[in-house]
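Structure record follows, encoded as structure tokens.
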Amino acid sequence: SDNSGQLGNIFFWDPKTGSQLAAYKGGITAPNTLCYNVGNTFLLSAHPSKPLLNVWHMDRREQRPQKQTTPGKPLQALAASPGSGKWIVGALEERIYLWQSQSGKLVAMIGEGGGQGHYQDVTHLTITDEGSHIISAGNDGAIIAWCTAEAAISAGNSPPRRRWPSAPQRF
């Protein structure tokens, strides 16, 4: 992707020939927010300075994205479940938002209560290949695994499945 947006936003090339296969224009993409082939239909990215998601239909080349708003500030990380693309997760500060991709409904805010989540900004998100877990990493150095189904059912109030704390500093 191009973070200036002058030539376009997202480009696909054939690695063997070097020829450009597709260009998706409009807006700019923040680091750690490009999601490819969501539900086998969409491309997603977050705007770096506005609370917006860019949404492109993959079957339409060289077109402008649809815009969807996000909670309050720009997202710092974004991930979508592969294959059917049932879930989308986005990070804003130390919170993780879980949406259903087909409806756009906000299902949960993960890690909100009880000091079980990150205590500094979440910078990276991914969803496991089968969509069962969300993995988050943040500026606090922790890596946390969350069960997607438990988070959805409990509206985000379930504890993490596994937590790898930051390494202790040595002086």
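FYI, nothing fancy with the structure tokens labels: chains A, B, ... in order, residues from 1 per chain, ligands from 1 as they appear.
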
As a PDB file with all heavy atoms, in the first residue's frame, please: the residues near stretch 109-126 of chain A (cut-off 7 Å, only C-alpha atoms, same-chain neighbours under 4 positions excluded).
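Generated file (result39.pdb):
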```pdb
ATOM      1  N   ASN A  32      -0.119  -1.751   9.660  1.00  0.00           N
ATOM      2  CA  ASN A  32      -0.733  -2.854  10.407  1.00  0.00           C
ATOM      3  C   ASN A  32      -2.248  -2.915  10.281  1.00  0.00           C
ATOM      4  O   ASN A  32      -2.922  -3.441  11.162  1.00  0.00           O
ATOM      5  CB  ASN A  32      -0.356  -2.799  11.903  1.00  0.00           C
ATOM      6  CG  ASN A  32       1.128  -2.871  12.112  1.00  0.00           C
ATOM      7  OD1 ASN A  32       1.815  -3.636  11.447  1.00  0.00           O
ATOM      8  ND2 ASN A  32       1.636  -2.070  13.017  1.00  0.00           N
ATOM      9  N   GLN A  76      -5.334   1.440  15.324  1.00  0.00           N
ATOM     10  CA  GLN A  76      -3.888   1.233  15.279  1.00  0.00           C
ATOM     11  C   GLN A  76      -3.520  -0.112  14.683  1.00  0.00           C
ATOM     12  O   GLN A  76      -2.376  -0.308  14.271  1.00  0.00           O
ATOM     13  CB  GLN A  76      -3.320   1.334  16.695  1.00  0.00           C
ATOM     14  CG  GLN A  76      -3.537   2.682  17.295  1.00  0.00           C
ATOM     15  CD  GLN A  76      -3.647   2.659  18.804  1.00  0.00           C
ATOM     16  OE1 GLN A  76      -4.143   3.600  19.353  1.00  0.00           O
ATOM     17  NE2 GLN A  76      -3.218   1.632  19.474  1.00  0.00           N
ATOM     18  N   ALA A  77      -4.442  -1.053  14.691  1.00  0.00           N
ATOM     19  CA  ALA A  77      -4.210  -2.383  14.116  1.00  0.00           C
ATOM     20  C   ALA A  77      -5.557  -2.926  13.675  1.00  0.00           C
ATOM     21  O   ALA A  77      -6.599  -2.562  14.230  1.00  0.00           O
ATOM     22  CB  ALA A  77      -3.563  -3.305  15.141  1.00  0.00           C
ATOM     23  N   LEU A  78      -5.534  -3.804  12.678  1.00  0.00           N
ATOM     24  CA  LEU A  78      -6.756  -4.364  12.129  1.00  0.00           C
ATOM     25  C   LEU A  78      -6.453  -5.762  11.629  1.00  0.00           C
ATOM     26  O   LEU A  78      -5.374  -6.014  11.093  1.00  0.00           O
ATOM     27  CB  LEU A  78      -7.238  -3.480  10.974  1.00  0.00           C
ATOM     28  CG  LEU A  78      -8.583  -3.749  10.338  1.00  0.00           C
ATOM     29  CD1 LEU A  78      -9.722  -3.468  11.315  1.00  0.00           C
ATOM     30  CD2 LEU A  78      -8.748  -2.894   9.091  1.00  0.00           C
ATOM     31  N   ALA A  79      -7.395  -6.687  11.825  1.00  0.00           N
ATOM     32  CA  ALA A  79      -7.245  -8.052  11.309  1.00  0.00           C
ATOM     33  C   ALA A  79      -8.631  -8.596  10.997  1.00  0.00           C
ATOM     34  O   ALA A  79      -9.628  -8.168  11.584  1.00  0.00           O
ATOM     35  CB  ALA A  79      -6.538  -8.950  12.320  1.00  0.00           C
ATOM     36  N   ALA A  91      -7.929  -2.424  16.875  1.00  0.00           N
ATOM     37  CA  ALA A  91      -7.391  -1.956  18.144  1.00  0.00           C
ATOM     38  C   ALA A  91      -7.380  -0.439  18.193  1.00  0.00           C
ATOM     39  O   ALA A  91      -6.985   0.230  17.241  1.00  0.00           O
ATOM     40  CB  ALA A  91      -5.974  -2.480  18.346  1.00  0.00           C
ATOM     41  N   GLU A  93      -6.104   2.206  21.134  1.00  0.00           N
ATOM     42  CA  GLU A  93      -5.397   2.289  22.398  1.00  0.00           C
ATOM     43  C   GLU A  93      -5.241   0.879  22.959  1.00  0.00           C
ATOM     44  O   GLU A  93      -4.744   0.007  22.261  1.00  0.00           O
ATOM     45  CB  GLU A  93      -6.099   3.269  23.345  1.00  0.00           C
ATOM     46  CG  GLU A  93      -6.087   4.690  22.771  1.00  0.00           C
ATOM     47  CD  GLU A  93      -6.962   5.679  23.513  1.00  0.00           C
ATOM     48  OE1 GLU A  93      -7.832   5.256  24.285  1.00  0.00           O
ATOM     49  OE2 GLU A  93      -6.759   6.885  23.281  1.00  0.00           O
ATOM     50  N   GLU A  94      -5.660   0.603  24.208  1.00  0.00           N
ATOM     51  CA  GLU A  94      -5.479  -0.743  24.772  1.00  0.00           C
ATOM     52  C   GLU A  94      -6.709  -1.633  24.587  1.00  0.00           C
ATOM     53  O   GLU A  94      -6.730  -2.765  25.036  1.00  0.00           O
ATOM     54  CB  GLU A  94      -5.089  -0.674  26.254  1.00  0.00           C
ATOM     55  CG  GLU A  94      -6.161  -0.143  27.179  1.00  0.00           C
ATOM     56  CD  GLU A  94      -6.257   1.378  27.232  1.00  0.00           C
ATOM     57  OE1 GLU A  94      -5.409   2.079  26.650  1.00  0.00           O
ATOM     58  OE2 GLU A  94      -7.198   1.867  27.862  1.00  0.00           O
ATOM     59  N   ARG A  95      -7.710  -1.143  23.887  1.00  0.00           N
ATOM     60  CA  ARG A  95      -8.939  -1.921  23.677  1.00  0.00           C
ATOM     61  C   ARG A  95      -8.941  -2.607  22.316  1.00  0.00           C
ATOM     62  O   ARG A  95      -8.411  -2.085  21.344  1.00  0.00           O
ATOM     63  CB  ARG A  95     -10.161  -1.007  23.779  1.00  0.00           C
ATOM     64  CG  ARG A  95     -10.408  -0.493  25.182  1.00  0.00           C
ATOM     65  CD  ARG A  95     -11.619   0.423  25.259  1.00  0.00           C
ATOM     66  NE  ARG A  95     -11.549   1.585  24.385  1.00  0.00           N
ATOM     67  CZ  ARG A  95     -10.855   2.696  24.646  1.00  0.00           C
ATOM     68  NH1 ARG A  95     -10.168   2.782  25.746  1.00  0.00           N
ATOM     69  NH2 ARG A  95     -10.868   3.712  23.805  1.00  0.00           N
ATOM     70  N   ILE A  96      -9.617  -3.763  22.274  1.00  0.00           N
ATOM     71  CA  ILE A  96      -9.795  -4.508  21.032  1.00  0.00           C
ATOM     72  C   ILE A  96     -11.283  -4.604  20.767  1.00  0.00           C
ATOM     73  O   ILE A  96     -12.045  -5.023  21.641  1.00  0.00           O
ATOM     74  CB  ILE A  96      -9.176  -5.917  21.138  1.00  0.00           C
ATOM     75  CG1 ILE A  96      -7.681  -5.818  21.439  1.00  0.00           C
ATOM     76  CG2 ILE A  96      -9.426  -6.715  19.860  1.00  0.00           C
ATOM     77  CD1 ILE A  96      -7.060  -7.130  21.858  1.00  0.00           C
ATOM     78  N   TYR A  97     -11.687  -4.212  19.580  1.00  0.00           N
ATOM     79  CA  TYR A  97     -13.095  -4.255  19.180  1.00  0.00           C
ATOM     80  C   TYR A  97     -13.305  -5.453  18.273  1.00  0.00           C
ATOM     81  O   TYR A  97     -12.503  -5.700  17.372  1.00  0.00           O
ATOM     82  CB  TYR A  97     -13.486  -2.969  18.445  1.00  0.00           C
ATOM     83  CG  TYR A  97     -13.438  -1.749  19.323  1.00  0.00           C
ATOM     84  CD1 TYR A  97     -12.250  -1.054  19.519  1.00  0.00           C
ATOM     85  CD2 TYR A  97     -14.588  -1.293  19.959  1.00  0.00           C
ATOM     86  CE1 TYR A  97     -12.206   0.067  20.335  1.00  0.00           C
ATOM     87  CE2 TYR A  97     -14.557  -0.170  20.771  1.00  0.00           C
ATOM     88  CZ  TYR A  97     -13.362   0.504  20.952  1.00  0.00           C
ATOM     89  OH  TYR A  97     -13.317   1.605  21.754  1.00  0.00           O
ATOM     90  N   LEU A  98     -14.396  -6.191  18.486  1.00  0.00           N
ATOM     91  CA  LEU A  98     -14.735  -7.355  17.678  1.00  0.00           C
ATOM     92  C   LEU A  98     -16.047  -7.095  16.965  1.00  0.00           C
ATOM     93  O   LEU A  98     -17.066  -6.838  17.605  1.00  0.00           O
ATOM     94  CB  LEU A  98     -14.855  -8.600  18.573  1.00  0.00           C
ATOM     95  CG  LEU A  98     -15.303  -9.902  17.916  1.00  0.00           C
ATOM     96  CD1 LEU A  98     -14.282 -10.379  16.894  1.00  0.00           C
ATOM     97  CD2 LEU A  98     -15.539 -10.967  18.975  1.00  0.00           C
ATOM     98  N   ILE A 134      -7.972 -14.792  18.692  1.00  0.00           N
ATOM     99  CA  ILE A 134      -7.413 -13.493  18.338  1.00  0.00           C
ATOM    100  C   ILE A 134      -6.103 -13.377  19.098  1.00  0.00           C
ATOM    101  O   ILE A 134      -6.074 -13.641  20.311  1.00  0.00           O
ATOM    102  CB  ILE A 134      -8.366 -12.359  18.747  1.00  0.00           C
ATOM    103  CG1 ILE A 134      -9.699 -12.500  18.018  1.00  0.00           C
ATOM    104  CG2 ILE A 134      -7.717 -10.996  18.508  1.00  0.00           C
ATOM    105  CD1 ILE A 134     -10.827 -11.727  18.679  1.00  0.00           C
ATOM    106  N   ILE A 135      -5.046 -12.993  18.427  1.00  0.00           N
ATOM    107  CA  ILE A 135      -3.755 -12.789  19.073  1.00  0.00           C
ATOM    108  C   ILE A 135      -3.450 -11.297  18.996  1.00  0.00           C
ATOM    109  O   ILE A 135      -3.508 -10.694  17.930  1.00  0.00           O
ATOM    110  CB  ILE A 135      -2.620 -13.579  18.376  1.00  0.00           C
ATOM    111  CG1 ILE A 135      -3.006 -15.044  18.150  1.00  0.00           C
ATOM    112  CG2 ILE A 135      -1.318 -13.444  19.157  1.00  0.00           C
ATOM    113  CD1 ILE A 135      -3.250 -15.852  19.386  1.00  0.00           C
ATOM    114  N   SER A 136      -3.137 -10.713  20.151  1.00  0.00           N
ATOM    115  CA  SER A 136      -2.825  -9.281  20.200  1.00  0.00           C
ATOM    116  C   SER A 136      -1.440  -9.078  20.802  1.00  0.00           C
ATOM    117  O   SER A 136      -0.996  -9.852  21.645  1.00  0.00           O
ATOM    118  CB  SER A 136      -3.878  -8.534  21.024  1.00  0.00           C
ATOM    119  OG  SER A 136      -3.910  -9.010  22.356  1.00  0.00           O
ATOM    120  N   ALA A 137      -0.767  -8.035  20.345  1.00  0.00           N
ATOM    121  CA  ALA A 137       0.527  -7.633  20.889  1.00  0.00           C
ATOM    122  C   ALA A 137       0.491  -6.127  21.062  1.00  0.00           C
ATOM    123  O   ALA A 137      -0.151  -5.421  20.291  1.00  0.00           O
ATOM    124  CB  ALA A 137       1.657  -8.040  19.958  1.00  0.00           C
ATOM    125  N   GLY A 138       1.172  -5.655  22.095  1.00  0.00           N
ATOM    126  CA  GLY A 138       1.108  -4.227  22.358  1.00  0.00           C
ATOM    127  C   GLY A 138       2.413  -3.630  22.818  1.00  0.00           C
ATOM    128  O   GLY A 138       3.417  -4.322  22.999  1.00  0.00           O
ATOM    129  N   ASN A 139       2.371  -2.320  23.034  1.00  0.00           N
ATOM    130  CA  ASN A 139       3.542  -1.592  23.515  1.00  0.00           C
ATOM    131  C   ASN A 139       3.969  -2.029  24.909  1.00  0.00           C
ATOM    132  O   ASN A 139       5.085  -1.758  25.318  1.00  0.00           O
ATOM    133  CB  ASN A 139       3.272  -0.085  23.516  1.00  0.00           C
ATOM    134  CG  ASN A 139       3.319   0.499  22.126  1.00  0.00           C
ATOM    135  OD1 ASN A 139       3.909  -0.060  21.219  1.00  0.00           O
ATOM    136  ND2 ASN A 139       2.674   1.648  21.955  1.00  0.00           N
ATOM    137  N   ASP A 140       3.100  -2.695  25.640  1.00  0.00           N
ATOM    138  CA  ASP A 140       3.449  -3.205  26.966  1.00  0.00           C
ATOM    139  C   ASP A 140       4.318  -4.462  26.882  1.00  0.00           C
ATOM    140  O   ASP A 140       4.774  -4.976  27.892  1.00  0.00           O
ATOM    141  CB  ASP A 140       2.194  -3.483  27.799  1.00  0.00           C
ATOM    142  CG  ASP A 140       1.207  -4.416  27.128  1.00  0.00           C
ATOM    143  OD1 ASP A 140       1.524  -4.990  26.057  1.00  0.00           O
ATOM    144  OD2 ASP A 140       0.104  -4.574  27.667  1.00  0.00           O
ATOM    145  N   ALA A 151     -15.209 -14.470  23.665  1.00  0.00           N
ATOM    146  CA  ALA A 151     -15.278 -13.002  23.652  1.00  0.00           C
ATOM    147  C   ALA A 151     -16.616 -12.530  23.101  1.00  0.00           C
ATOM    148  O   ALA A 151     -17.233 -11.615  23.642  1.00  0.00           O
ATOM    149  CB  ALA A 151     -14.128 -12.427  22.838  1.00  0.00           C
ATOM    150  N   ALA A 155     -19.521 -10.665  25.440  1.00  0.00           N
ATOM    151  CA  ALA A 155     -19.386  -9.246  25.074  1.00  0.00           C
ATOM    152  C   ALA A 155     -18.014  -8.705  25.477  1.00  0.00           C
ATOM    153  O   ALA A 155     -17.862  -7.535  25.799  1.00  0.00           O
ATOM    154  CB  ALA A 155     -20.503  -8.409  25.675  1.00  0.00           C
ATOM    155  N   GLY A 156     -17.000  -9.571  25.486  1.00  0.00           N
ATOM    156  CA  GLY A 156     -15.632  -9.152  25.775  1.00  0.00           C
ATOM    157  C   GLY A 156     -15.213  -9.314  27.211  1.00  0.00           C
ATOM    158  O   GLY A 156     -14.098  -8.953  27.570  1.00  0.00           O
ATOM    159  N   ASN A 157     -16.062  -9.877  28.073  1.00  0.00           N
ATOM    160  CA  ASN A 157     -15.737 -10.008  29.486  1.00  0.00           C
ATOM    161  C   ASN A 157     -15.064 -11.319  29.855  1.00  0.00           C
ATOM    162  O   ASN A 157     -14.919 -11.617  31.029  1.00  0.00           O
ATOM    163  CB  ASN A 157     -17.006  -9.834  30.325  1.00  0.00           C
ATOM    164  CG  ASN A 157     -17.527  -8.413  30.250  1.00  0.00           C
ATOM    165  OD1 ASN A 157     -16.755  -7.463  30.263  1.00  0.00           O
ATOM    166  ND2 ASN A 157     -18.825  -8.266  30.127  1.00  0.00           N
ATOM    167  N   PRO A 159     -11.855 -13.932  30.254  1.00  0.00           N
ATOM    168  CA  PRO A 159     -10.408 -13.757  30.454  1.00  0.00           C
ATOM    169  C   PRO A 159      -9.634 -14.240  29.230  1.00  0.00           C
ATOM    170  O   PRO A 159     -10.144 -15.016  28.420  1.00  0.00           O
ATOM    171  CB  PRO A 159     -10.122 -14.646  31.665  1.00  0.00           C
ATOM    172  CG  PRO A 159     -11.189 -15.681  31.644  1.00  0.00           C
ATOM    173  CD  PRO A 159     -12.409 -14.997  31.070  1.00  0.00           C
ATOM    174  N   PRO A 160      -8.392 -13.817  29.094  1.00  0.00           N
ATOM    175  CA  PRO A 160      -7.585 -14.301  27.981  1.00  0.00           C
ATOM    176  C   PRO A 160      -7.374 -15.811  28.082  1.00  0.00           C
ATOM    177  O   PRO A 160      -7.356 -16.363  29.183  1.00  0.00           O
ATOM    178  CB  PRO A 160      -6.255 -13.578  28.135  1.00  0.00           C
ATOM    179  CG  PRO A 160      -6.420 -12.577  29.193  1.00  0.00           C
ATOM    180  CD  PRO A 160      -7.672 -12.864  29.925  1.00  0.00           C
TER     181      PRO A 160
END
```

Sel. of strand (DSSP E) residues, chain A, as a compact mmCIF listing (two decimals) with N, CA and C atoms, in the first residue's frame:
```txt
# COMPACT_ATOMS: atom_id res chain seq x y z
N ILE A 10 -3.81 0.75 -2.68
CA ILE A 10 -3.34 -0.62 -2.59
C ILE A 10 -3.11 -1.16 -4.00
N PHE A 11 -1.98 -1.84 -4.18
CA PHE A 11 -1.61 -2.37 -5.49
C PHE A 11 -1.28 -3.85 -5.35
N PHE A 12 -1.65 -4.64 -6.36
CA PHE A 12 -1.28 -6.05 -6.42
C PHE A 12 -0.44 -6.27 -7.67
N TRP A 13 0.68 -7.00 -7.50
CA TRP A 13 1.56 -7.32 -8.62
C TRP A 13 1.74 -8.82 -8.72
N GLN A 20 1.48 -5.20 -12.84
CA GLN A 20 0.44 -4.82 -11.89
C GLN A 20 -0.86 -5.52 -12.26
N LEU A 21 -1.48 -6.18 -11.26
CA LEU A 21 -2.73 -6.90 -11.49
C LEU A 21 -3.95 -6.07 -11.13
N ALA A 22 -3.84 -5.25 -10.09
CA ALA A 22 -4.99 -4.46 -9.65
C ALA A 22 -4.50 -3.25 -8.86
N ALA A 23 -5.31 -2.19 -8.87
CA ALA A 23 -5.04 -1.00 -8.09
C ALA A 23 -6.34 -0.56 -7.43
N TYR A 24 -6.29 -0.34 -6.15
CA TYR A 24 -7.46 0.13 -5.40
C TYR A 24 -7.14 1.54 -4.92
N CYS A 35 -6.15 -5.66 5.41
CA CYS A 35 -6.74 -7.00 5.49
C CYS A 35 -7.16 -7.40 4.08
N TYR A 36 -6.60 -8.48 3.60
CA TYR A 36 -6.81 -8.93 2.24
C TYR A 36 -7.84 -10.06 2.18
N ASN A 37 -8.72 -10.01 1.23
CA ASN A 37 -9.66 -11.09 0.91
C ASN A 37 -10.59 -11.44 2.07
N VAL A 38 -11.15 -10.45 2.71
CA VAL A 38 -12.08 -10.65 3.81
C VAL A 38 -13.37 -11.25 3.26
N PHE A 42 -13.75 -8.78 0.08
CA PHE A 42 -13.39 -7.40 0.42
C PHE A 42 -11.92 -7.22 0.78
N LEU A 43 -11.46 -5.99 0.62
CA LEU A 43 -10.21 -5.49 1.17
C LEU A 43 -10.58 -4.46 2.22
N LEU A 44 -9.87 -4.44 3.33
CA LEU A 44 -10.10 -3.45 4.39
C LEU A 44 -8.79 -2.79 4.76
N SER A 45 -8.88 -1.54 5.15
CA SER A 45 -7.74 -0.87 5.77
C SER A 45 -8.28 0.28 6.60
N ALA A 46 -7.49 0.70 7.56
CA ALA A 46 -7.87 1.83 8.41
C ALA A 46 -7.13 3.07 7.94
N LEU A 52 -11.86 6.01 10.35
CA LEU A 52 -12.53 5.45 9.18
C LEU A 52 -11.89 4.14 8.75
N LEU A 53 -12.74 3.24 8.25
CA LEU A 53 -12.28 2.05 7.54
C LEU A 53 -12.53 2.26 6.06
N ASN A 54 -11.56 1.89 5.24
CA ASN A 54 -11.73 1.86 3.80
C ASN A 54 -12.16 0.44 3.44
N VAL A 55 -13.23 0.29 2.66
CA VAL A 55 -13.74 -1.03 2.28
C VAL A 55 -13.87 -1.07 0.76
N TRP A 56 -13.13 -1.99 0.12
CA TRP A 56 -13.19 -2.16 -1.32
C TRP A 56 -13.79 -3.52 -1.66
N HIS A 57 -14.63 -3.58 -2.68
CA HIS A 57 -15.08 -4.85 -3.23
C HIS A 57 -13.96 -5.35 -4.14
N GLN A 66 -15.67 2.27 -0.04
CA GLN A 66 -16.74 2.71 0.85
C GLN A 66 -16.07 3.09 2.15
N LYS A 67 -16.66 4.00 2.90
CA LYS A 67 -16.10 4.42 4.17
C LYS A 67 -17.01 3.97 5.30
N GLN A 68 -16.43 3.40 6.36
CA GLN A 68 -17.16 3.02 7.56
C GLN A 68 -16.48 3.70 8.74
N THR A 69 -17.25 4.22 9.66
CA THR A 69 -16.66 4.88 10.81
C THR A 69 -16.27 3.87 11.88
N ALA A 77 -4.44 -1.05 14.69
CA ALA A 77 -4.21 -2.38 14.12
C ALA A 77 -5.56 -2.93 13.68
N LEU A 78 -5.53 -3.80 12.68
CA LEU A 78 -6.76 -4.36 12.13
C LEU A 78 -6.45 -5.76 11.63
N ALA A 79 -7.40 -6.69 11.82
CA ALA A 79 -7.25 -8.05 11.31
C ALA A 79 -8.63 -8.60 11.00
N ALA A 80 -8.67 -9.55 10.09
CA ALA A 80 -9.93 -10.19 9.73
C ALA A 80 -9.71 -11.70 9.66
N TRP A 87 -15.20 -12.61 11.29
CA TRP A 87 -14.85 -11.61 12.30
C TRP A 87 -13.87 -10.59 11.78
N ILE A 88 -13.99 -9.37 12.31
CA ILE A 88 -13.02 -8.31 12.09
C ILE A 88 -12.67 -7.77 13.47
N VAL A 89 -11.38 -7.57 13.75
CA VAL A 89 -10.96 -6.99 15.02
C VAL A 89 -10.12 -5.75 14.73
N GLY A 90 -10.29 -4.75 15.57
CA GLY A 90 -9.53 -3.53 15.45
C GLY A 90 -9.08 -3.07 16.81
N ALA A 91 -7.93 -2.42 16.87
CA ALA A 91 -7.39 -1.96 18.14
C ALA A 91 -7.38 -0.44 18.19
N LEU A 92 -7.84 0.07 19.32
CA LEU A 92 -7.82 1.49 19.60
C LEU A 92 -7.29 1.65 21.02
N ARG A 95 -7.71 -1.14 23.89
CA ARG A 95 -8.94 -1.92 23.68
C ARG A 95 -8.94 -2.61 22.32
N ILE A 96 -9.62 -3.76 22.27
CA ILE A 96 -9.79 -4.51 21.03
C ILE A 96 -11.28 -4.60 20.77
N TYR A 97 -11.69 -4.21 19.58
CA TYR A 97 -13.09 -4.26 19.18
C TYR A 97 -13.30 -5.45 18.27
N LEU A 98 -14.40 -6.19 18.49
CA LEU A 98 -14.73 -7.36 17.68
C LEU A 98 -16.05 -7.10 16.96
N TRP A 99 -16.01 -7.15 15.62
CA TRP A 99 -17.20 -6.93 14.81
C TRP A 99 -17.53 -8.20 14.02
N GLN A 100 -18.82 -8.41 13.74
CA GLN A 100 -19.22 -9.41 12.76
C GLN A 100 -19.03 -8.76 11.39
N LEU A 106 -20.97 -4.38 16.18
CA LEU A 106 -19.96 -4.49 17.22
C LEU A 106 -20.43 -5.52 18.23
N VAL A 107 -19.68 -6.59 18.40
CA VAL A 107 -20.07 -7.70 19.26
C VAL A 107 -19.43 -7.59 20.64
N ALA A 108 -18.18 -7.11 20.70
CA ALA A 108 -17.47 -7.10 21.99
C ALA A 108 -16.36 -6.07 21.99
N MET A 109 -16.04 -5.61 23.20
CA MET A 109 -14.83 -4.84 23.46
C MET A 109 -13.99 -5.73 24.38
N ILE A 110 -12.91 -6.25 23.85
CA ILE A 110 -12.11 -7.26 24.53
C ILE A 110 -11.04 -6.61 25.40
N VAL A 122 -2.40 -1.42 21.87
CA VAL A 122 -2.29 -2.63 21.05
C VAL A 122 -1.78 -2.21 19.69
N THR A 123 -0.71 -2.86 19.22
CA THR A 123 -0.09 -2.45 17.97
C THR A 123 -0.24 -3.49 16.85
N HIS A 124 -0.50 -4.74 17.20
CA HIS A 124 -0.63 -5.80 16.20
C HIS A 124 -1.76 -6.74 16.58
N LEU A 125 -2.51 -7.16 15.56
CA LEU A 125 -3.59 -8.12 15.75
C LEU A 125 -3.54 -9.16 14.64
N THR A 126 -3.93 -10.37 14.97
CA THR A 126 -4.12 -11.40 13.96
C THR A 126 -5.20 -12.36 14.47
N ILE A 127 -5.81 -13.04 13.55
CA ILE A 127 -6.79 -14.08 13.89
C ILE A 127 -6.23 -15.39 13.35
N HIS A 133 -9.15 -17.98 17.55
CA HIS A 133 -8.47 -17.12 18.52
C HIS A 133 -7.99 -15.82 17.88
N ILE A 134 -7.97 -14.79 18.69
CA ILE A 134 -7.41 -13.49 18.34
C ILE A 134 -6.10 -13.38 19.10
N ILE A 135 -5.05 -12.99 18.43
CA ILE A 135 -3.75 -12.79 19.07
C ILE A 135 -3.45 -11.30 19.00
N SER A 136 -3.14 -10.71 20.15
CA SER A 136 -2.83 -9.28 20.20
C SER A 136 -1.44 -9.08 20.80
N ALA A 137 -0.77 -8.04 20.35
CA ALA A 137 0.53 -7.63 20.89
C ALA A 137 0.49 -6.13 21.06
N GLY A 138 1.17 -5.66 22.09
CA GLY A 138 1.11 -4.23 22.36
C GLY A 138 2.41 -3.63 22.82
N ILE A 143 1.93 -10.47 24.77
CA ILE A 143 1.21 -11.11 23.68
C ILE A 143 0.08 -11.89 24.34
N ILE A 144 -1.14 -11.67 23.86
CA ILE A 144 -2.31 -12.28 24.51
C ILE A 144 -3.15 -13.01 23.47
N ALA A 145 -3.59 -14.22 23.82
CA ALA A 145 -4.50 -15.00 22.98
C ALA A 145 -5.89 -14.95 23.60
N TRP A 146 -6.88 -14.61 22.81
CA TRP A 146 -8.27 -14.50 23.24
C TRP A 146 -9.10 -15.50 22.44
N CYS A 147 -9.99 -16.24 23.09
CA CYS A 147 -10.90 -17.13 22.39
C CYS A 147 -11.99 -16.28 21.75
N ARG A 162 -4.58 -17.25 26.93
CA ARG A 162 -3.16 -17.39 27.26
C ARG A 162 -2.52 -16.02 27.22
N ARG A 163 -1.57 -15.80 28.10
CA ARG A 163 -0.86 -14.51 28.14
C ARG A 163 0.63 -14.79 28.23
N TRP A 164 1.39 -14.18 27.31
CA TRP A 164 2.83 -14.25 27.37
C TRP A 164 3.30 -12.86 27.80
```

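If you look at atom CA of A:Ser81 and atom CA of A:Gly131, they are 5.4 Å away from each other.
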
Go through chain A and collect every residue that DSSP, computed from the backbone, puts in helix (DSSP H, G or I); the answer should be as a PyMOL selection string. chain A and resi 148-153

Deliver the residues from the most recent selection as a file, using all heavy atoms, as an mmCIF file, in the first residue's frame.
```
data_model
loop_
_atom_site.group_PDB
_atom_site.id
_atom_site.type_symbol
_atom_site.label_atom_id
_atom_site.label_comp_id
_atom_site.auth_asym_id
_atom_site.auth_seq_id
_atom_site.Cartn_x
_atom_site.Cartn_y
_atom_site.Cartn_z
ATOM 1 N N THR A 148 -12.125 -16.348 20.434
ATOM 2 C CA THR A 148 -13.064 -15.509 19.699
ATOM 3 C C THR A 148 -14.502 -15.772 20.138
ATOM 4 O O THR A 148 -15.258 -14.834 20.410
ATOM 5 C CB THR A 148 -12.932 -15.743 18.185
ATOM 6 O OG1 THR A 148 -11.554 -15.609 17.816
ATOM 7 C CG2 THR A 148 -13.746 -14.748 17.404
ATOM 8 N N ALA A 149 -14.903 -17.041 20.232
ATOM 9 C CA ALA A 149 -16.283 -17.380 20.602
ATOM 10 C C ALA A 149 -16.605 -16.912 22.022
ATOM 11 O O ALA A 149 -17.670 -16.349 22.260
ATOM 12 C CB ALA A 149 -16.520 -18.884 20.475
ATOM 13 N N GLU A 150 -15.692 -17.147 22.965
ATOM 14 C CA GLU A 150 -15.922 -16.697 24.343
ATOM 15 C C GLU A 150 -16.047 -15.183 24.411
ATOM 16 O O GLU A 150 -16.888 -14.655 25.136
ATOM 17 C CB GLU A 150 -14.789 -17.166 25.254
ATOM 18 C CG GLU A 150 -14.819 -18.640 25.571
ATOM 19 C CD GLU A 150 -13.639 -19.066 26.442
ATOM 20 O OE1 GLU A 150 -12.938 -18.196 27.003
ATOM 21 O OE2 GLU A 150 -13.427 -20.286 26.548
ATOM 22 N N ALA A 151 -15.209 -14.470 23.665
ATOM 23 C CA ALA A 151 -15.278 -13.002 23.652
ATOM 24 C C ALA A 151 -16.616 -12.530 23.101
ATOM 25 O O ALA A 151 -17.233 -11.615 23.642
ATOM 26 C CB ALA A 151 -14.128 -12.427 22.838
ATOM 27 N N ALA A 152 -17.086 -13.169 22.026
ATOM 28 C CA ALA A 152 -18.364 -12.776 21.414
ATOM 29 C C ALA A 152 -19.532 -13.055 22.348
ATOM 30 O O ALA A 152 -20.425 -12.224 22.509
ATOM 31 C CB ALA A 152 -18.556 -13.502 20.093
ATOM 32 N N ILE A 153 -19.540 -14.214 22.985
ATOM 33 C CA ILE A 153 -20.645 -14.603 23.866
ATOM 34 C C ILE A 153 -20.695 -13.725 25.114
ATOM 35 O O ILE A 153 -21.760 -13.324 25.569
ATOM 36 C CB ILE A 153 -20.534 -16.091 24.252
ATOM 37 C CG1 ILE A 153 -20.801 -16.962 23.022
ATOM 38 C CG2 ILE A 153 -21.485 -16.451 25.392
ATOM 39 C CD1 ILE A 153 -20.432 -18.417 23.204
#
```

With only C-alpha atoms as the counted atoms, please give the residues lying no more than 7 Å from A:Pro48, apart from itself and same-chain residues fewer than 6 positions off, as number ranges by chain. A: 29-30, 74

Those residues you just picked out, can you put them in a file as a CSV table (one decimal), in the first residue's frame with N, CA and C atoms?
```
chain,number,residue,atom,x,y,z
A,29,THR,N,-3.7,4.1,3.8
A,29,THR,CA,-3.7,3.0,4.7
A,29,THR,C,-2.7,3.2,5.8
A,30,ALA,N,-3.2,3.0,7.0
A,30,ALA,CA,-2.3,3.0,8.2
A,30,ALA,C,-1.5,1.7,8.3
A,74,PRO,N,-8.6,7.0,15.1
A,74,PRO,CA,-8.1,6.0,14.1
A,74,PRO,C,-7.6,4.7,14.8
```
